[in-house]
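Enquirer: One file: upload_21.txt (compact mmCIF, C-alpha atoms).
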# COMPACT_ATOMS: atom_id res chain seq x y z
CA MET V 1219 15.76 18.68 14.92
CA ILE V 1220 18.25 15.82 15.27
CA THR V 1221 20.93 16.05 12.61
CA ARG V 1222 23.15 13.32 11.28
CA ASN V 1223 26.70 13.10 12.52
CA HIS V 1224 28.94 12.16 9.61
CA HIS V 1225 31.75 10.91 11.85
CA ILE V 1226 29.40 8.39 13.48
CA ASP V 1227 28.02 7.44 10.06
CA ALA V 1228 31.62 6.77 8.94
CA LEU V 1229 32.30 4.59 11.99
CA ARG V 1230 29.12 2.65 11.34
CA GLY V 1231 30.07 2.35 7.65
CA ALA V 1232 33.47 0.92 8.58
CA ALA V 1233 31.76 -1.56 10.92
CA ILE V 1234 29.30 -2.86 8.32
CA LEU V 1235 32.04 -3.04 5.68
CA GLY V 1236 34.03 -5.24 8.05
CA VAL V 1237 31.03 -7.53 8.46
CA LEU V 1238 30.53 -7.78 4.67
CA LEU V 1239 34.19 -8.60 4.06
CA LEU V 1240 34.18 -11.20 6.83
CA HIS V 1241 31.18 -13.07 5.45
CA PHE V 1242 32.58 -13.01 1.92
CA ALA V 1243 35.96 -14.23 3.19
CA LEU V 1244 34.31 -17.08 5.10
CA ALA V 1245 32.27 -18.07 2.05
CA TYR V 1246 34.94 -17.78 -0.66
CA GLY V 1247 38.29 -17.04 0.97
CA LEU V 1248 40.68 -14.25 0.07
CA LYS V 1249 43.70 -16.35 -0.78
CA ASN V 1250 44.29 -17.77 -4.25
CA SER V 1251 43.19 -14.44 -5.71
CA PRO V 1252 44.75 -11.13 -6.81
CA LEU V 1253 44.19 -9.97 -3.21
CA GLU V 1254 47.25 -12.03 -2.26
CA ILE V 1255 49.39 -9.05 -3.27
CA LEU V 1256 48.09 -7.24 -0.18
CA PRO V 1257 50.07 -7.53 3.06
CA ALA V 1258 49.18 -10.56 5.19
CA TRP V 1259 48.19 -8.33 8.10
CA LEU V 1260 45.61 -6.54 5.96
CA LEU V 1261 44.09 -9.80 4.77
CA ARG V 1262 44.04 -11.03 8.37
CA ALA V 1263 42.08 -7.93 9.38
CA ALA V 1264 39.27 -8.93 7.00
CA TYR V 1265 38.63 -11.98 9.17
CA GLN V 1266 38.04 -9.80 12.24
CA GLY V 1267 34.77 -8.42 10.89
CA ASN V 1268 32.86 -9.73 13.90
CA TYR V 1269 34.40 -6.82 15.82
CA GLY V 1270 32.12 -4.62 13.73
CA VAL V 1271 29.13 -6.09 15.58
CA THR V 1272 30.55 -4.85 18.89
CA MET V 1273 31.05 -1.43 17.30
CA PHE V 1274 27.42 -1.49 16.17
CA PHE V 1275 26.24 -2.26 19.68
CA VAL V 1276 28.12 0.76 21.05
CA ILE V 1277 26.87 3.06 18.30
CA SER V 1278 23.31 1.86 18.74
CA GLY V 1279 23.45 2.28 22.51
CA TYR V 1280 24.70 5.81 22.07
CA LEU V 1281 22.17 6.80 19.43
CA ILE V 1282 19.14 5.28 21.12
CA THR V 1283 20.01 7.01 24.39
CA SER V 1284 20.96 10.38 22.90
CA THR V 1285 17.86 10.40 20.69
CA SER V 1286 15.66 9.58 23.70
CA LEU V 1287 17.30 12.38 25.68
CA HIS V 1288 16.64 14.76 22.80
CA ARG V 1289 12.98 13.75 22.54
CA TRP V 1290 12.05 13.55 26.21
CA GLY V 1291 14.79 15.44 28.03
CA ASP V 1292 15.26 12.68 30.60
CA LEU V 1293 15.31 8.89 30.32
CA ALA V 1294 12.84 8.63 33.19
CA ARG V 1295 10.28 10.44 31.03
CA ILE V 1296 10.47 8.14 28.00
CA ASP V 1297 7.08 7.69 26.36
CA LEU V 1298 6.96 3.89 26.22
CA ALA V 1299 4.35 3.70 23.45
CA ALA V 1300 6.22 6.19 21.28
CA PHE V 1301 9.59 4.55 21.95
CA TYR V 1302 8.40 1.11 20.90
CA LEU V 1303 6.52 2.53 17.92
CA TYR V 1304 9.70 4.15 16.63
CA ARG V 1305 11.52 0.82 16.95
CA VAL V 1306 8.80 -1.14 15.16
CA ALA V 1307 8.41 1.46 12.40
CA ARG V 1308 12.13 1.52 11.67
CA LEU V 1309 12.92 -2.17 11.97
CA LEU V 1310 9.92 -4.27 11.07
CA PRO V 1311 9.13 -3.47 7.39
CA ALA V 1312 12.57 -4.36 6.00
CA LEU V 1313 12.93 -7.27 8.42
CA LEU V 1314 9.62 -8.80 7.32
CA LEU V 1315 10.72 -8.53 3.68
CA ALA V 1316 14.06 -10.22 4.41
CA LEU V 1317 12.43 -13.01 6.44
CA SER V 1318 9.83 -13.59 3.73
CA LEU V 1319 12.53 -14.08 1.10
CA ILE V 1320 14.50 -16.47 3.32
CA VAL V 1321 11.46 -18.54 4.24
CA LEU V 1322 10.20 -18.73 0.66
CA LEU V 1323 13.55 -19.94 -0.68
CA GLY V 1324 14.10 -22.14 2.34
CA VAL V 1325 10.76 -23.93 1.98
CA LEU V 1326 11.72 -24.55 -1.67
CA ASN V 1327 14.85 -26.20 -0.22
CA VAL V 1328 17.24 -23.84 -2.00
CA PRO V 1329 20.72 -24.44 -0.54
CA PHE V 1330 21.97 -21.83 1.94
CA PHE V 1331 18.37 -20.76 2.63
CA ALA V 1332 17.09 -24.06 4.04
CA ASN V 1333 17.63 -25.24 7.64
CA SER V 1334 20.66 -27.32 6.74
CA ASP V 1335 23.61 -25.25 7.96
CA GLY V 1336 26.16 -26.93 10.20
CA GLY V 1337 25.29 -30.37 8.84
CA LYS V 1338 21.75 -30.15 10.19
CA ASP V 1339 18.64 -31.05 8.23
CA LEU V 1340 15.77 -29.51 10.17
CA PRO V 1341 12.27 -29.64 8.64
CA ALA V 1342 10.73 -26.63 6.94
CA SER V 1343 8.26 -26.37 9.84
CA TYR V 1344 11.22 -25.26 11.99
CA PHE V 1345 10.98 -21.93 10.18
CA VAL V 1346 7.97 -21.12 12.37
CA ILE V 1347 10.11 -21.38 15.49
CA ALA V 1348 13.05 -19.60 13.88
CA ILE V 1349 11.03 -16.66 12.55
CA THR V 1350 9.21 -16.33 15.87
CA SER V 1351 12.56 -16.19 17.65
CA VAL V 1352 13.81 -13.43 15.35
CA LEU V 1353 10.65 -11.35 15.76
CA THR V 1354 10.55 -11.80 19.54
CA PHE V 1355 14.27 -11.28 20.14
CA TRP V 1356 15.51 -14.68 21.32
CA HIS V 1357 17.05 -16.04 18.13
CA ASN V 1358 20.45 -16.03 19.84
CA VAL V 1359 18.96 -18.23 22.58
CA LEU V 1360 17.57 -20.60 19.94
CA MET V 1361 21.03 -20.84 18.40
CA GLN V 1362 22.51 -21.60 21.81
CA SER V 1363 20.36 -24.72 21.90
CA ALA V 1364 20.14 -25.63 18.19
CA GLY V 1365 23.55 -24.41 17.03
CA TYR V 1366 24.09 -23.08 13.51
CA PHE V 1367 21.13 -24.30 11.48
CA ASN V 1368 20.24 -21.69 8.83
CA TYR V 1369 22.94 -19.83 6.90
CA CYS V 1370 20.90 -16.64 6.47
CA LEU V 1371 19.03 -16.56 9.77
CA ASN V 1372 22.20 -17.21 11.77
CA VAL V 1373 23.27 -13.63 11.11
CA TYR V 1374 20.20 -12.15 12.79
CA TRP V 1375 21.27 -13.19 16.30
CA SER V 1376 22.67 -9.70 16.88
CA LEU V 1377 19.31 -8.07 16.20
CA SER V 1378 17.81 -10.19 18.99
CA VAL V 1379 20.52 -9.06 21.42
CA GLU V 1380 20.11 -5.41 20.55
CA GLU V 1381 16.33 -5.34 20.60
CA MET V 1382 16.07 -7.25 23.87
CA PHE V 1383 18.23 -4.56 25.43
CA TYR V 1384 15.91 -1.88 24.07
CA LEU V 1385 12.84 -3.76 25.18
CA LEU V 1386 14.18 -3.58 28.73
CA LEU V 1387 15.85 -0.15 28.65
CA PRO V 1388 12.82 2.18 28.77
CA LEU V 1389 11.08 -0.04 31.32
CA SER V 1390 14.17 0.11 33.52
CA CYS V 1391 14.42 3.88 33.09
CA ARG V 1392 10.79 4.40 34.06
CA PHE V 1393 11.18 2.12 37.08
CA LEU V 1394 14.54 3.39 38.36
CA ARG V 1395 13.79 7.04 37.60
CA ARG V 1396 17.11 8.42 38.84
CA ARG V 1397 19.97 9.04 36.44
CA GLN V 1398 22.48 7.57 38.89
CA ALA V 1399 20.50 4.33 39.15
CA ILE V 1400 20.38 4.03 35.37
CA MET V 1401 24.12 4.56 35.20
CA LEU V 1402 24.65 1.90 37.88
CA LEU V 1403 22.53 -0.53 35.86
CA CYS V 1404 24.68 0.14 32.78
CA GLY V 1405 27.77 -0.29 34.95
CA ALA V 1406 26.50 -3.67 36.12
CA ALA V 1407 26.05 -4.76 32.49
CA ILE V 1408 29.60 -3.62 31.70
CA VAL V 1409 31.00 -5.69 34.56
CA ALA V 1410 28.82 -8.71 33.73
CA GLY V 1411 30.05 -8.89 30.13
CA PRO V 1412 33.65 -10.00 30.76
CA VAL V 1413 32.53 -12.24 33.63
CA TYR V 1414 30.02 -14.01 31.39
CA ARG V 1415 32.54 -14.39 28.56
CA SER V 1416 35.11 -15.86 30.95
CA LEU V 1417 32.59 -18.48 32.10
CA HIS V 1418 31.63 -19.51 28.55
CA ALA V 1419 34.98 -19.38 26.76
CA ASP V 1420 34.63 -23.00 25.64
CA ASN V 1421 31.47 -22.43 23.60
CA GLU V 1422 31.60 -19.97 20.69
CA ILE V 1423 27.85 -19.39 20.46
CA ASP V 1424 27.45 -18.81 24.21
CA PHE V 1425 30.64 -16.77 24.37
CA MET V 1426 29.79 -14.42 21.51
CA TYR V 1427 26.00 -14.47 21.13
CA GLY V 1428 24.62 -14.55 24.68
CA TYR V 1429 22.76 -11.50 25.96
CA LEU V 1430 25.24 -10.82 28.74
CA ALA V 1431 28.13 -11.36 26.33
CA CYS V 1432 26.99 -8.30 24.36
CA PHE V 1433 24.98 -6.04 26.68
CA ASP V 1434 28.19 -4.46 28.00
CA ALA V 1435 28.96 -2.87 24.61
CA ILE V 1436 25.45 -1.41 24.35
CA ALA V 1437 25.67 -0.14 27.93
CA ILE V 1438 28.98 1.58 27.14
CA GLY V 1439 27.21 3.38 24.29
CA CYS V 1440 24.39 4.43 26.64
CA LEU V 1441 26.85 5.85 29.18
CA THR V 1442 28.65 7.72 26.39
CA ALA V 1443 25.35 9.42 25.49
CA LEU V 1444 24.71 10.35 29.13
CA LEU V 1445 28.23 11.76 29.40
CA THR V 1446 28.07 13.81 26.23
CA GLN V 1447 24.59 15.14 27.00
CA HIS V 1448 26.25 17.82 29.15
CA TRP V 1449 29.84 17.68 27.93
CA GLN V 1450 31.40 17.64 24.50
CA PRO V 1451 35.10 18.04 23.76
CA GLY V 1452 36.35 21.03 21.86
CA ALA V 1453 37.28 20.72 18.20
CA ARG V 1454 40.96 19.92 18.87
CA ALA V 1455 40.23 17.42 21.66
CA GLY V 1456 37.51 15.83 19.55
CA ARG V 1457 39.89 15.39 16.63
CA PHE V 1458 42.46 13.83 18.96
CA LEU V 1459 39.89 11.42 20.37
CA ARG V 1460 38.71 10.36 16.92
CA TRP V 1461 42.18 9.77 15.56
CA THR V 1462 43.42 7.99 18.68
CA ALA V 1463 40.33 5.78 18.93
CA GLY V 1464 40.38 5.10 15.19
CA LEU V 1465 44.02 4.03 15.40
CA ALA V 1466 43.24 1.79 18.38
CA LEU V 1467 40.41 0.11 16.44
CA ALA V 1468 42.70 -0.38 13.44
CA VAL V 1469 45.36 -2.01 15.64
CA LEU V 1470 42.76 -4.29 17.21
CA TYR V 1471 41.52 -5.34 13.77
CA VAL V 1472 45.05 -6.07 12.57
CA ARG V 1473 46.34 -7.64 15.78
CA GLY V 1474 43.15 -9.44 16.70
CA ILE V 1475 42.11 -10.28 20.24
CA GLY V 1476 42.87 -13.99 20.11
CA GLY V 1477 43.68 -15.16 23.62
CA HIS V 1478 42.24 -11.97 25.10
CA GLU V 1479 38.60 -12.35 24.12
CA VAL V 1480 37.24 -11.75 27.63
CA PHE V 1481 38.43 -8.15 27.73
CA GLY V 1482 39.22 -7.77 24.03
CA PHE V 1483 35.61 -7.03 23.15
CA SER V 1484 35.55 -4.52 26.01
CA ALA V 1485 38.57 -2.79 24.46
CA ILE V 1486 36.80 -2.59 21.09
CA ALA V 1487 33.72 -1.14 22.77
CA LEU V 1488 35.71 1.45 24.73
CA ALA V 1489 37.64 2.55 21.63
CA SER V 1490 34.34 2.91 19.74
CA ALA V 1491 32.91 4.97 22.60
CA ALA V 1492 35.97 7.24 22.59
CA PHE V 1493 35.54 7.80 18.85
CA ILE V 1494 31.87 8.68 19.36
CA ALA V 1495 32.73 11.09 22.17
CA GLY V 1496 35.20 12.74 19.81
CA ALA V 1497 32.51 12.87 17.12
CA THR V 1498 30.34 15.06 19.36
CA ALA V 1499 33.05 17.73 19.42
CA VAL V 1500 31.92 21.31 19.01
CA PRO V 1501 31.83 22.51 16.27
CA ALA V 1502 32.66 19.19 14.57
CA ALA V 1503 29.34 17.48 15.31
CA GLY V 1504 27.16 16.99 12.26
CA GLN V 1505 29.89 18.22 9.93
CA GLY V 1506 32.03 16.32 7.47
CA ARG V 1507 31.85 15.18 3.90
CA HIS V 1508 29.45 12.62 2.49
CA GLY V 1509 31.71 9.77 1.37
CA PRO V 1510 31.32 6.05 0.72
CA LEU V 1511 31.67 5.16 4.40
CA GLN V 1512 28.93 7.62 5.33
CA TRP V 1513 26.66 6.09 2.70
CA LEU V 1514 27.32 2.63 4.07
CA GLY V 1515 26.62 3.91 7.57
CA ARG V 1516 23.30 5.48 6.59
CA HIS V 1517 22.20 2.21 4.97
CA SER V 1518 23.79 -0.12 7.53
CA TYR V 1519 20.53 -1.74 8.66
CA GLU V 1520 19.46 -2.67 5.14
CA LEU V 1521 23.00 -3.84 4.35
CA TYR V 1522 22.95 -5.98 7.48
CA LEU V 1523 19.62 -7.61 6.62
CA PHE V 1524 20.14 -8.25 2.91
CA HIS V 1525 23.86 -8.86 2.41
CA ILE V 1526 23.56 -12.43 3.60
CA ILE V 1527 20.65 -13.05 1.20
CA VAL V 1528 22.74 -11.73 -1.69
CA LEU V 1529 25.72 -13.84 -0.60
CA ALA V 1530 23.59 -16.99 -0.21
CA GLY V 1531 22.24 -16.45 -3.72
CA MET V 1532 25.75 -16.03 -5.13
CA ARG V 1533 26.90 -19.22 -3.41
CA ASN V 1534 24.16 -21.07 -5.26
CA VAL V 1535 25.54 -19.78 -8.56
CA VAL V 1536 29.22 -20.49 -7.90
CA ASP V 1537 30.72 -22.24 -4.89
CA LYS V 1538 34.18 -21.66 -3.46
CA ALA V 1539 35.78 -24.50 -5.41
CA GLY V 1540 34.32 -23.24 -8.68
CA LEU V 1541 35.68 -19.70 -8.36
CA GLY V 1542 38.96 -19.25 -10.19
CA TYR V 1543 41.95 -17.10 -9.25
CA ALA V 1544 41.12 -14.19 -11.54
CA GLU V 1545 37.40 -14.34 -10.75
CA ARG V 1546 37.60 -13.94 -6.97
CA LEU V 1547 38.20 -10.20 -6.89
CA PRO V 1548 35.45 -9.36 -9.44
CA TRP V 1549 33.12 -11.68 -7.48
CA LEU V 1550 33.84 -9.67 -4.32
CA ALA V 1551 33.15 -6.43 -6.19
CA LEU V 1552 29.90 -7.89 -7.52
CA PHE V 1553 28.87 -8.93 -4.01
CA LEU V 1554 29.49 -5.44 -2.61
CA ALA V 1555 27.73 -3.74 -5.54
CA ALA V 1556 24.70 -6.07 -5.45
CA THR V 1557 24.38 -5.68 -1.69
CA ALA V 1558 24.59 -1.89 -1.94
CA LEU V 1559 21.95 -1.88 -4.69
CA ALA V 1560 19.63 -4.11 -2.66
CA ALA V 1561 20.08 -1.92 0.42
CA ALA V 1562 19.40 1.27 -1.53
CA LEU V 1563 16.24 -0.13 -3.12
CA VAL V 1564 14.91 -1.48 0.16
CA ALA V 1565 15.63 1.78 1.97
CA ARG V 1566 13.98 3.88 -0.72
CA HIS V 1567 10.94 1.73 -1.44
CA VAL V 1568 10.33 -0.12 1.83
CA SER V 1569 12.11 1.12 4.96
CA ASN V 1570 11.79 4.88 4.61
CA PRO V 1571 8.21 5.12 3.31
CA ALA V 1572 6.93 2.44 5.72
CA ASN V 1573 8.71 4.09 8.64
CA ALA V 1574 7.13 7.45 7.83
CA ALA V 1575 3.68 5.95 7.22
CA LEU V 1576 3.64 3.98 10.47
CA ARG V 1577 4.68 7.01 12.49
CA ARG V 1578 2.01 9.16 10.86
CA ARG V 1579 -0.65 6.50 11.35
CA PHE V 1580 0.07 5.46 14.92
CA GLY V 1581 2.42 8.05 16.35
CA ARG V 1582 1.71 10.63 18.96
CA ARG V 1583 3.61 13.86 19.26
CA ALA V 1584 6.50 13.15 21.60
CA THR V 1585 6.98 15.47 24.52
CA ALA V 1586 9.40 18.17 23.47
CA ALA V 1587 12.64 18.14 25.40
CA PRO V 1588 13.41 21.25 27.48
CA ALA V 1589 15.84 23.56 25.79
CA CYS V 1590 18.35 23.12 28.61
CA ALA V 1591 18.26 19.33 28.21
CA GLY V 1592 18.68 19.16 24.46
CA GLY V 1593 20.24 16.10 22.94
CA SER V 1594 23.89 15.65 22.29
CA PRO V 1595 25.15 17.21 19.05
CA GLY V 1596 26.31 13.72 18.11
CA ALA V 1597 22.77 12.35 17.95
CA ALA V 1598 21.60 11.13 14.57
CA PRO V 1599 18.68 9.08 13.30
CA ARG V 1600 19.67 5.62 12.14
CA LYS V 1601 18.13 2.19 12.39
CA ASN V 1602 16.80 3.40 15.73
Mind converting the file's structure to C-alpha cells?
Expert:
Amino acid sequence: MITRNHHIDALRGAAILGVLLLHFALAYGLKNSPLEILPAWLLRAAYQGNYGVTMFFVISGYLITSTSLHRWGDLARIDLAAFYLYRVARLLPALLLALSLIVLLGVLNVPFFANSDGGKDLPASYFVIAITSVLTFWHNVLMQSAGYFNYCLNVYWSLSVEEMFYLLLPLSCRFLRRRQAIMLLCGAAIVAGPVYRSLHADNEIDFMYGYLACFDAIAIGCLTALLTQHWQPGARAGRFLRWTAGLALAVLYVRGIGGHEVFGFSAIALASAAFIAGATAVPAAGQGRHGPLQWLGRHSYELYLFHIIVLAGMRNVVDKAGLGYAERLPWLALFLAATALAAALVARHVSNPANAALRRRFGRRATAAPACAGGSPGAAPRKN
C-alpha cells in the first residue's frame, strides 16, 4: 500500500498557498492594508507565487514516477490503459465541474468569467475552443497565440503542460524500455528547459507557459523518483536535506529570480527535488504531523481548480478600488476560507467518490510490483 508522505504534502501545501496569495495580491494588492506592517521582503515574497507552479511540477513528476514504480516495478512495464484510467479518474470529475461553472457564468457574460481578459472581447463560441484545449492539453499553446483572454481559464495552462508530459511519459517508457534511456530522455528535457527559456525571454507567455519551458521541472521530479527507488538518505541526512532545501526555497521566494529566469526556475526545481529526496528518509518517510500545510497539500488539486472561481466571484462583489484599508485583510481571510471550503466539498462529494467509482467500473488489477522493486517510501497518492 502506498502511504502519504507528510513532508511532501507540506511542500505541496506551501506551493499552493503561494499560488493563492499571488492571485489575491494581483487582484487586490497587499499594500494599503494592515499587511503593511509586515517586512517589505515578506510582502515581496507573496508576488513570487508562480514559483509554486514549478514546485508542483517537480512534486508531480516524482509522485507519478514513484507511484508507477510501486505499481509495476519498472517504468517499461507500465500498463498504459490503467495509467491513463488513473489520470482520468483523478482529474476529470472536478475539472468538468470547474469548467461547467466557468462556461455557464461566462456565457451569461459575468465579468471575470467571460472571454474579455487582457482587453479582449472574444465571442462566447470561443469557449468551445478554450474548453477543448483544456481537455486535450494544449491550452498553453492556445494562450501563446491568443494571449490572456479568460481570467479563470488562464490559470489552467499548467494542467495542460503537466498532462501532456504524462500523456507522453508511459509511451516513451514502453518504447525506450531501458532505464538508462528513460533517464537520458529526462536529461534532455532538463537541458532543453533553460535553452528554450533563453530563446523566448522577450515573451512572458512563451517563456513561462511553453511545454519545453516547464518539462525540465517535471523531468527533475521523475529522476528524483528513479534515484530514491533504490536509495534513501538516513534520518539525519534526510532532515539536513529538507532544512537546507527549504531554506533555499525561502531565499528564492524572498530574493526572487529577476534577471536570472533562465536558470532560476531550474534552481527552484532542484531545491524542490532535494527536499523530496530528504522527505524519503528512513524512517522519516510517511511520518509527521497533520497540520494546515498538509491539509492544503492533500487538497491542492481542488484548491488549484476552484480558487480562481472563488476569486473571480469576489471580484464581482467588490473590486480593488472599492476595498478599504481595514477590509483588505478580512477579504483575504474570506478568500482563503471560501476556497478551502469549496475544495473540501468538491473533494468529498465529487473528486473522491467519482475517482473510486471510475476505477471500480473500468479498472483492471494492476500488475503487482515485485517485492524487491517496491516503490520509494516517499510515494503518496495525490492528484495523480
Enquirer: May I ask for the distance between atom CA of Pro1341 of chain V and atom CA of Lys1538 of chain V, given in Å to one decimal place?
Expert: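 Going from atom CA of Pro1341 of chain V over to atom CA of Lys1538 of chain V, I get 26.3 Å.
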Enquirer: Around (30.6, 18.3, 23.8) in the file's frame, which residues reach within 7 Å when counting all atoms listed in the file? Return as a tab-separated table (two decimals) with C-alpha atoms, in the frame of the given file?
Expert:
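Result file point-v1.tsv:
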chain	number	residue	atom	x	y	z
V	1446	THR	CA	28.07	13.81	26.23
V	1448	HIS	CA	26.25	17.82	29.15
V	1449	TRP	CA	29.84	17.68	27.93
V	1450	GLN	CA	31.40	17.64	24.50
V	1451	PRO	CA	35.10	18.04	23.76
V	1452	GLY	CA	36.35	21.03	21.86
V	1498	THR	CA	30.34	15.06	19.36
V	1499	ALA	CA	33.05	17.73	19.42
V	1500	VAL	CA	31.92	21.31	19.01
Enquirer: In the coordinates of the file, take the point (24.0, -2.4, 17.4) and a cut-off of 9 Å; then, counting only C-alpha atoms, name each qualifying protein, DNA or RNA residue as a list in words.
Expert: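 All residues meeting the 9 Å criterion around (24.0, -2.4, 17.4) are Val1271, Thr1272, Met1273, Phe1274, Phe1275, Val1276, Ile1277, Ser1278, Gly1279, Ser1376, Leu1377, Val1379, Glu1380, Glu1381, Ala1435, Ile1436 and Lys1601 of chain V.
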Enquirer: Enter the distance from atom CA of Ile1408 of chain V to atom CA of Cys1440 of chain V, in Å, rounded to one decimal.
Expert: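 Computing it gives 10.8 Å between the two atoms.
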Enquirer: Counting all atoms listed in the file, figure out which residue out of V:Ala1243, V:Ala1495, V:Val1413, V:Asn1534 gets nearest to Asn1327 of chain V.
Expert: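 For Asn1327 of chain V, the nearest of the candidates is V:Asn1534.
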Enquirer: Can you list, as a PDB file with C-alpha atoms, in the frame of the given file, every protein, DNA or RNA residue that comes within 12 Å of Met1382 of chain V when you count all atoms listed in the file, leaving out same-chain residues fewer than 6 positions away?
Expert:
ATOM      1  CA  TYR V1302       8.400   1.110  20.900  1.00  0.00           C
ATOM      2  CA  ARG V1305      11.520   0.820  16.950  1.00  0.00           C
ATOM      3  CA  SER V1351      12.560 -16.190  17.650  1.00  0.00           C
ATOM      4  CA  VAL V1352      13.810 -13.430  15.350  1.00  0.00           C
ATOM      5  CA  LEU V1353      10.650 -11.350  15.760  1.00  0.00           C
ATOM      6  CA  THR V1354      10.550 -11.800  19.540  1.00  0.00           C
ATOM      7  CA  PHE V1355      14.270 -11.280  20.140  1.00  0.00           C
ATOM      8  CA  TRP V1356      15.510 -14.680  21.320  1.00  0.00           C
ATOM      9  CA  HIS V1357      17.050 -16.040  18.130  1.00  0.00           C
ATOM     10  CA  ASN V1358      20.450 -16.030  19.840  1.00  0.00           C
ATOM     11  CA  VAL V1359      18.960 -18.230  22.580  1.00  0.00           C
ATOM     12  CA  TRP V1375      21.270 -13.190  16.300  1.00  0.00           C
ATOM     13  CA  SER V1376      22.670  -9.700  16.880  1.00  0.00           C
ATOM     14  CA  PRO V1388      12.820   2.180  28.770  1.00  0.00           C
ATOM     15  CA  LEU V1389      11.080  -0.040  31.320  1.00  0.00           C
ATOM     16  CA  GLY V1428      24.620 -14.550  24.680  1.00  0.00           C
ATOM     17  CA  TYR V1429      22.760 -11.500  25.960  1.00  0.00           C
ATOM     18  CA  LEU V1430      25.240 -10.820  28.740  1.00  0.00           C
ATOM     19  CA  CYS V1432      26.990  -8.300  24.360  1.00  0.00           C
ATOM     20  CA  PHE V1433      24.980  -6.040  26.680  1.00  0.00           C
ATOM     21  CA  ILE V1436      25.450  -1.410  24.350  1.00  0.00           C
TER      22      ILE V1436
END
Enquirer: Set the distance at 9 Å and use all atoms listed in the file: which residues neighbour Leu1371 of chain V once local chain neighbours fewer than 5 positions away are removed? I'd like the list as a list in words.
Expert: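 Selected residues are Leu1317, Ile1320, Phe1331, Ala1348, Ile1349, Val1352, His1357 and Ile1526 of chain V.
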Enquirer: Could you pull the residues within 7 Å of segment 1572-1578 of chain V, counting only C-alpha atoms, minus those fewer than 5 positions along the same chain, as a list of chain:residue names?
Expert: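 Here the qualifying residues turn out to be V:Ala1307, V:Arg1308, V:Pro1311.
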Enquirer: Hey, can you check how far atom CA of Gly1411 of chain V sits from atom CA of Asp1434 of chain V?
Expert: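 Taking atom CA of Gly1411 of chain V and atom CA of Asp1434 of chain V, their separation equals 5.3 Å.
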Enquirer: May I ask which of the residues V:Leu1238, V:Ala1497, V:Ala1332, V:Ala1312 is the closest one to Ala1556 of chain V, counting all atoms listed in the file?
Expert: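 Smallest distance to Ala1556 of chain V is found for V:Leu1238.
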Enquirer: Counting only C-alpha atoms, which residue out of V:Trp1549, V:Leu1467, V:Leu1402, V:Arg1392 sits closest to Val1535 of chain V?
Expert: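 Of the candidates, the smallest distance to Val1535 of chain V is held by V:Trp1549.
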Enquirer: Looking at V:Ala1364, V:Ser1334, V:Ala1560, V:Ser1378, which one is nearest to Thr1350 of chain V, with distances taken over all atoms listed in the file?
Expert: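 Answer, going by the shortest atom-to-atom distance: V:Ser1378.
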Enquirer: Just checking: using all atoms listed in the file, which residue out of V:Leu1554, V:Val1373, V:Leu1322, V:Ala1466 ends up closest to Tyr1427 of chain V?
Expert: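 Result for the nearest residue to Tyr1427 of chain V: V:Val1373.
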Enquirer: I need the residue nearest Leu1261 of chain V from this list: V:Ala1463, V:Val1568, V:Val1472, V:Ala1561. Use all atoms listed in the file for the distance.
Expert: V:Val1472
Enquirer: Leaving out Pro1412 of chain V and any residue of its chain fewer than 4 positions from it, which residues lie within 10 Å of it when counting all atoms listed in the file, given as a ChimeraX atom specification?
Expert: /V:1407-1408,1416-1418,1425,1430-1432,1434,1479-1484
Enquirer: Excluding Leu1559 of chain V and any residue of its chain fewer than 4 positions from it, enumerate the residues within 12 Å of it, using all atoms listed in the file, and give them as a tab-separated table (two decimals) with C-alpha atoms, in the coordinates of the input.
Expert:
chain	number	residue	atom	x	y	z
V	1513	TRP	CA	26.66	6.09	2.70
V	1514	LEU	CA	27.32	2.63	4.07
V	1517	HIS	CA	22.20	2.21	4.97
V	1520	GLU	CA	19.46	-2.67	5.14
V	1521	LEU	CA	23.00	-3.84	4.35
V	1524	PHE	CA	20.14	-8.25	2.91
V	1525	HIS	CA	23.86	-8.86	2.41
V	1528	VAL	CA	22.74	-11.73	-1.69
V	1552	LEU	CA	29.90	-7.89	-7.52
V	1553	PHE	CA	28.87	-8.93	-4.01
V	1554	LEU	CA	29.49	-5.44	-2.61
V	1555	ALA	CA	27.73	-3.74	-5.54
V	1563	LEU	CA	16.24	-0.13	-3.12
V	1564	VAL	CA	14.91	-1.48	0.16
V	1565	ALA	CA	15.63	1.78	1.97
V	1566	ARG	CA	13.98	3.88	-0.72
